[in-house]
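Asker: Input: one structure, supplied below.
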Amino acid sequence: MKINRGERLSPIEQDPQVRRGNFYEVNKGFTPEMAIEEAERCLNCKDPKCVKGCPVNVNIPTFVRQIADGEFAEAAKTIKATNNLPAICGRVCPQEEQCEKQCVRAKAGGAVAIGALERFAADYALQKGEPQEPPKPRNGMRVAVVGSGPAGLTCAADCAKEGFEVTIFEAFHKAGGVLVYGIPEFRLPKSLVQAEIDKLKELGVTIVLDTVIGRTFTLEELCREYDAVFLGTGAGLPMFLNIKGENLSGVYTANEYLTRVNLMQAYLKDAATPVITGEKVVVVGGGNVAMDAARTALRMGAGKVTVVYRRSMEELPARKEEVENAIEEGIEMMLLTNPVEILGDKKVEGIKCNKMQLGQLDERGRATPIPVEGSEFVINCDQVIIAIGTSPNPLLAKSAKNLKTSPKGTIIINENGETSIENVYAGGDAVIGAATVILAMGAGKKAAASIVKKLRGKHGS
Ligand code: FAD
Ligand code: SF4
């Protein structure tokens, strides 16, 4: 077995000066030769720490070894055994905080590029049209899934594979949740999300679009029609700064801004749902959503984009890769800065901010930002995008009397993923608040396993 003792390879990327003007994917991935060379860096550890860092326990050493041996289709099969959406995870998972953080090679030339290798194998299988395992024969039981984000898609796939008849109900006119309306094309091409959804349809899953559960149908109606229901409704309700000027023209939440550009294709000249593009744009927040909004604004034609974040670079929650990419593209990071008022008459003319300093740690272990007295200053801008977090939409919970939620509006579940209503399960952002794709998938998987176990036991099949 050949071991490559060299440094970690970086995937091919579009030049920052070129990519800031287009929506094509920034990261172009590995060539087959690069993938093999990188895979040969894996030590095939007997006790692979990387697997412990993966929320869905992908058999990492096996798939990486298969790539090293040139068995790309086999590698994709290994990943697919536990991860239904590998082409997506390979692109957007925070591997640096998960599998790659645990990799023993981190100290010797850099962790094995597990995410980029996962993406390589998944893309290979999609391009070659590799067939997937057929589902088990239908068992006569029906499962309804509410929401088509990663939690819903994963739960649907796992139930369908086990022979259940699955129907997904989605409020939007397109399936995919945040994968289609939030994460921009230049990080996650929508054709890929569609390809993964088509695989789900091959398993016999029906997707019903433009259907809001809690409005079009009630949860009670679904419970009468189906043997089990999974709620993967996400956390799509944006939070506001609650400062003066937030209702001025030119102020968007990141959710609205990204939905207009991604889902409603506002970047097209004659789009039915337009979007304002300012000359000087300020994005408030420091997460992946803020980086996506800032980089989108740049590509929409803004002359200058500034990200305003109230803590320092160390606390900035966005993925390191996204922050580096944003800076390379020319986005200014204004740290230790907090908005206090959006200025303007009818339209945005500027944003008044305080400089901040960091104080004691809060209950989550993060330094508390404190305003520096007399530090107020104004940033001239004509557009403000607010990206300070989201919470679950209360619509469904309000319409379902017995569904217990926390004071923050998240759905309460037990250790099996079941809610306060029997046979109604939930998972993903709707349960834990805004988090990550892989955690949502893990929750969908866990709920599917509980549904399969319970319904099989009940029906004796
Ligand atoms: P969602 O993806 O939100 O899907 C929920 C779906 O349910 C939506 O399609 C919604 O329309 C539908 N729905 C809601 N209510 C109803 C109803 N009543 N009836 C019918 N349908 C309903 N995570 C990462 O891991 N890496 C990243 O790089 C990353 N970047 C992000 C960038 C942005 C801009 C955003 C917004 C999020 C990002 N995330 C990232 C977070 C990640 O996308 C989410 O954690 C994940 O999508 C949650 O999955 P989910 O299935 O729980 O919910
Ligand atoms: Fe390979 Fe790193 Fe996992 Fe060890 S920890 S098996 S070197 S990827």
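Labels for the structure tokens follow display order: chains A, B, ..., residues from 1 in each chain, ligands from 1.
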Find the spatial neighbours of Met313 (chain A), counting only C-alpha atoms, within a cut-off of 10 Å - ignore same-chain residues fewer than 5 positions away - and output them as a count of residues only.

Answerer: 8

Asker: Please identify the residues whose atoms come within 6 Å of ligand 1, using only C-alpha atoms and all ligand atoms, and report them as a ChimeraX atom specification.

Answerer: /A:92-94,146-152,169-172,176-179,182-183,211-214,232-236,288-289,292,396,428-430,434-438,440

Asker: Find the residues near Glu332 (chain A): any atom within 7 Å, counting only C-alpha atoms, skip ones fewer than 3 places away on the same chain, and give them as a ChimeraX atom specification.

Answerer: /A:305-307,327

Asker: Using only C-alpha atoms, can you tell me which of A:Asn57, A:Thr253, A:Thr273, A:Gln98 comes closest to Ile79 (chain A)?

Answerer: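 Closest residue, counting only C-alpha atoms: A:Asn57.
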
Asker: Would you compute the distance between CA of Arg456 (chain A) and CA of Ile421 (chain A)? Give it in Å to one decimal.

Answerer: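 It comes out at 18.8 Å.
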
Asker: Mind running chain A against ligand 2 at 8 Å and telling me each contacting residue's nearest atom pair with the distance in Å (one decimal), counting only C-alpha atoms and all ligand atoms, chain and number ascending, as JSON lines?

Answerer:
{"residue": "A:Arg41", "atom": "CA", "partner": "ligand 2", "partner_atom_place_in_ligand_line": "7 (S)", "distance": 7.0}
{"residue": "A:Cys42", "atom": "CA", "partner": "ligand 2", "partner_atom_place_in_ligand_line": "1 (Fe)", "distance": 3.8}
{"residue": "A:Leu43", "atom": "CA", "partner": "ligand 2", "partner_atom_place_in_ligand_line": "7 (S)", "distance": 4.2}
{"residue": "A:Asn44", "atom": "CA", "partner": "ligand 2", "partner_atom_place_in_ligand_line": "6 (S)", "distance": 4.1}
{"residue": "A:Cys45", "atom": "CA", "partner": "ligand 2", "partner_atom_place_in_ligand_line": "6 (S)", "distance": 4.3}
{"residue": "A:Lys46", "atom": "CA", "partner": "ligand 2", "partner_atom_place_in_ligand_line": "6 (S)", "distance": 7.4}
{"residue": "A:Asp47", "atom": "CA", "partner": "ligand 2", "partner_atom_place_in_ligand_line": "6 (S)", "distance": 7.6}
{"residue": "A:Pro48", "atom": "CA", "partner": "ligand 2", "partner_atom_place_in_ligand_line": "6 (S)", "distance": 4.6}
{"residue": "A:Lys49", "atom": "CA", "partner": "ligand 2", "partner_atom_place_in_ligand_line": "5 (S)", "distance": 4.9}
{"residue": "A:Cys50", "atom": "CA", "partner": "ligand 2", "partner_atom_place_in_ligand_line": "3 (Fe)", "distance": 4.4}
{"residue": "A:Val51", "atom": "CA", "partner": "ligand 2", "partner_atom_place_in_ligand_line": "3 (Fe)", "distance": 6.6}
{"residue": "A:Ile60", "atom": "CA", "partner": "ligand 2", "partner_atom_place_in_ligand_line": "3 (Fe)", "distance": 6.1}
{"residue": "A:Pro61", "atom": "CA", "partner": "ligand 2", "partner_atom_place_in_ligand_line": "6 (S)", "distance": 4.4}
{"residue": "A:Val64", "atom": "CA", "partner": "ligand 2", "partner_atom_place_in_ligand_line": "1 (Fe)", "distance": 7.3}
{"residue": "A:Cys99", "atom": "CA", "partner": "ligand 2", "partner_atom_place_in_ligand_line": "3 (Fe)", "distance": 7.5}
{"residue": "A:Glu100", "atom": "CA", "partner": "ligand 2", "partner_atom_place_in_ligand_line": "2 (Fe)", "distance": 7.0}
{"residue": "A:Gln102", "atom": "CA", "partner": "ligand 2", "partner_atom_place_in_ligand_line": "5 (S)", "distance": 6.2}
{"residue": "A:Cys103", "atom": "CA", "partner": "ligand 2", "partner_atom_place_in_ligand_line": "5 (S)", "distance": 3.5}
{"residue": "A:Val104", "atom": "CA", "partner": "ligand 2", "partner_atom_place_in_ligand_line": "5 (S)", "distance": 4.8}
{"residue": "A:Arg105", "atom": "CA", "partner": "ligand 2", "partner_atom_place_in_ligand_line": "7 (S)", "distance": 5.4}
{"residue": "A:Ala106", "atom": "CA", "partner": "ligand 2", "partner_atom_place_in_ligand_line": "2 (Fe)", "distance": 7.6}
{"residue": "A:Ala111", "atom": "CA", "partner": "ligand 2", "partner_atom_place_in_ligand_line": "2 (Fe)", "distance": 6.3}
{"residue": "A:Val112", "atom": "CA", "partner": "ligand 2", "partner_atom_place_in_ligand_line": "8 (S)", "distance": 5.3}
{"residue": "A:Ala113", "atom": "CA", "partner": "ligand 2", "partner_atom_place_in_ligand_line": "8 (S)", "distance": 7.8}
{"residue": "A:Ile114", "atom": "CA", "partner": "ligand 2", "partner_atom_place_in_ligand_line": "8 (S)", "distance": 6.4}

Asker: What does the distance between CA of Pro16 (chain A) and CA of Glu324 (chain A) come to in Å, to one decimal place?

Answerer: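 These atoms are spaced 10.6 Å apart.
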
Asker: Write out as CSV a residue-level contact list of region 248-309 of chain A versus region 343-354 of chain A with cut-off 8 Å: for each qualifying residue the closest pair of atoms and the distance in Å to one decimal, counting only C-alpha atoms, rows sorted by chain and residue number upward.

Answerer:
residue,atom,partner,partner_atom,distance
A:Leu248,CA,A:Lys347,CA,5.3
A:Ser249,CA,A:Lys347,CA,4.6
A:Gly250,CA,A:Val348,CA,5.7
A:Val251,CA,A:Val348,CA,7.1

Asker: Between CA of Ser191 (chain A) and CA of Thr154 (chain A), measure the distance and give it in Å to one decimal.

Answerer: 18.2 Å

Asker: Going by DSSP on the backbone, which residues of region 167-306 of chain A come out as alpha helix (DSSP H)? List them as a VMD selection string.

Answerer: chain A and resid 178 to 181 190 to 202 219 to 225 254 to 258 288 to 299

Asker: Between A:Gly409, A:Gly129, A:Gly433, A:Gly389, which residue has the minimum interatomic distance to Phe240 (chain A), considering only C-alpha atoms?

Answerer: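 Closest residue, counting only C-alpha atoms: A:Gly389.
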
Asker: Between A:Ala144, A:Lys244, A:Ile370, A:Arg65, which has the minimum distance to Val208 (chain A) (counting only C-alpha atoms)?

Answerer: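 Ranked by minimum distance to Val208 (chain A), first place goes to A:Ala144.
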
Asker: Residues within 6 Å of Thr78 (chain A), please, as a VMD selection string. Count only C-alpha atoms; anything in the same chain fewer than 3 positions from it doesn't count.

Answerer: chain A and resid 63 75 81

Asker: Can I get the selected residues back with C-alpha atoms, as a CSV table (one decimal), in the first residue's frame?

Answerer:
chain,number,residue,atom,x,y,z
A,63,PHE,CA,-13.6,5.1,0.7
A,75,ALA,CA,-15.7,4.7,-3.1
A,81,ALA,CA,-24.1,3.6,2.5

Asker: Write out as JSON, numbers by chain which residues come within 8 Å of Leu316 (chain A) when counting only C-alpha atoms, dropping same-chain ones fewer than 4 positions away.

Answerer: {"A": [286, 287, 309, 311, 312]}

Asker: From a DSSP calculation on the backbone, collect every residue of region 88-232 of chain A in strand (DSSP E) and output the set as JSON, numbers by chain.

Answerer: {"A": [142, 143, 144, 145, 146, 165, 166, 167, 168, 169, 206, 207, 208, 228, 229, 230, 231]}

Asker: Between A:Met239, A:Ile451, A:Ala108, A:Met141, single out the one closest to Lys408 (chain A), counting only C-alpha atoms.

Answerer: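 For Lys408 (chain A), the nearest of the given residues is A:Met239.
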
Asker: So, with only C-alpha atoms as the atoms that count, which of A:Lys28, A:Glu40, A:Ser450, A:Asn59 lies closest to Lys2 (chain A)?

Answerer: A:Glu40

Asker: From the list A:Asn247, A:Thr62, A:Gln383, A:Asn423, which residue is nearest Arg142 (chain A) when using only C-alpha atoms?

Answerer: A:Asn423

Asker: Contacts between region 257-268 of chain A and region 187-217 of chain A, please, where a residue of region 187-217 of chain A counts if it comes within 12 Å (with only C-alpha atoms); show its shortest atom pair and distance in Å to one decimal, rows by chain and ascending number, as a tab-separated table.

Answerer:
residue	atom	partner	partner_atom	distance
A:Arg187	CA	A:Asn262	CA	11.6
A:Leu188	CA	A:Asn262	CA	10.8
A:Pro189	CA	A:Asn262	CA	10.3
A:Lys190	CA	A:Asn262	CA	9.0
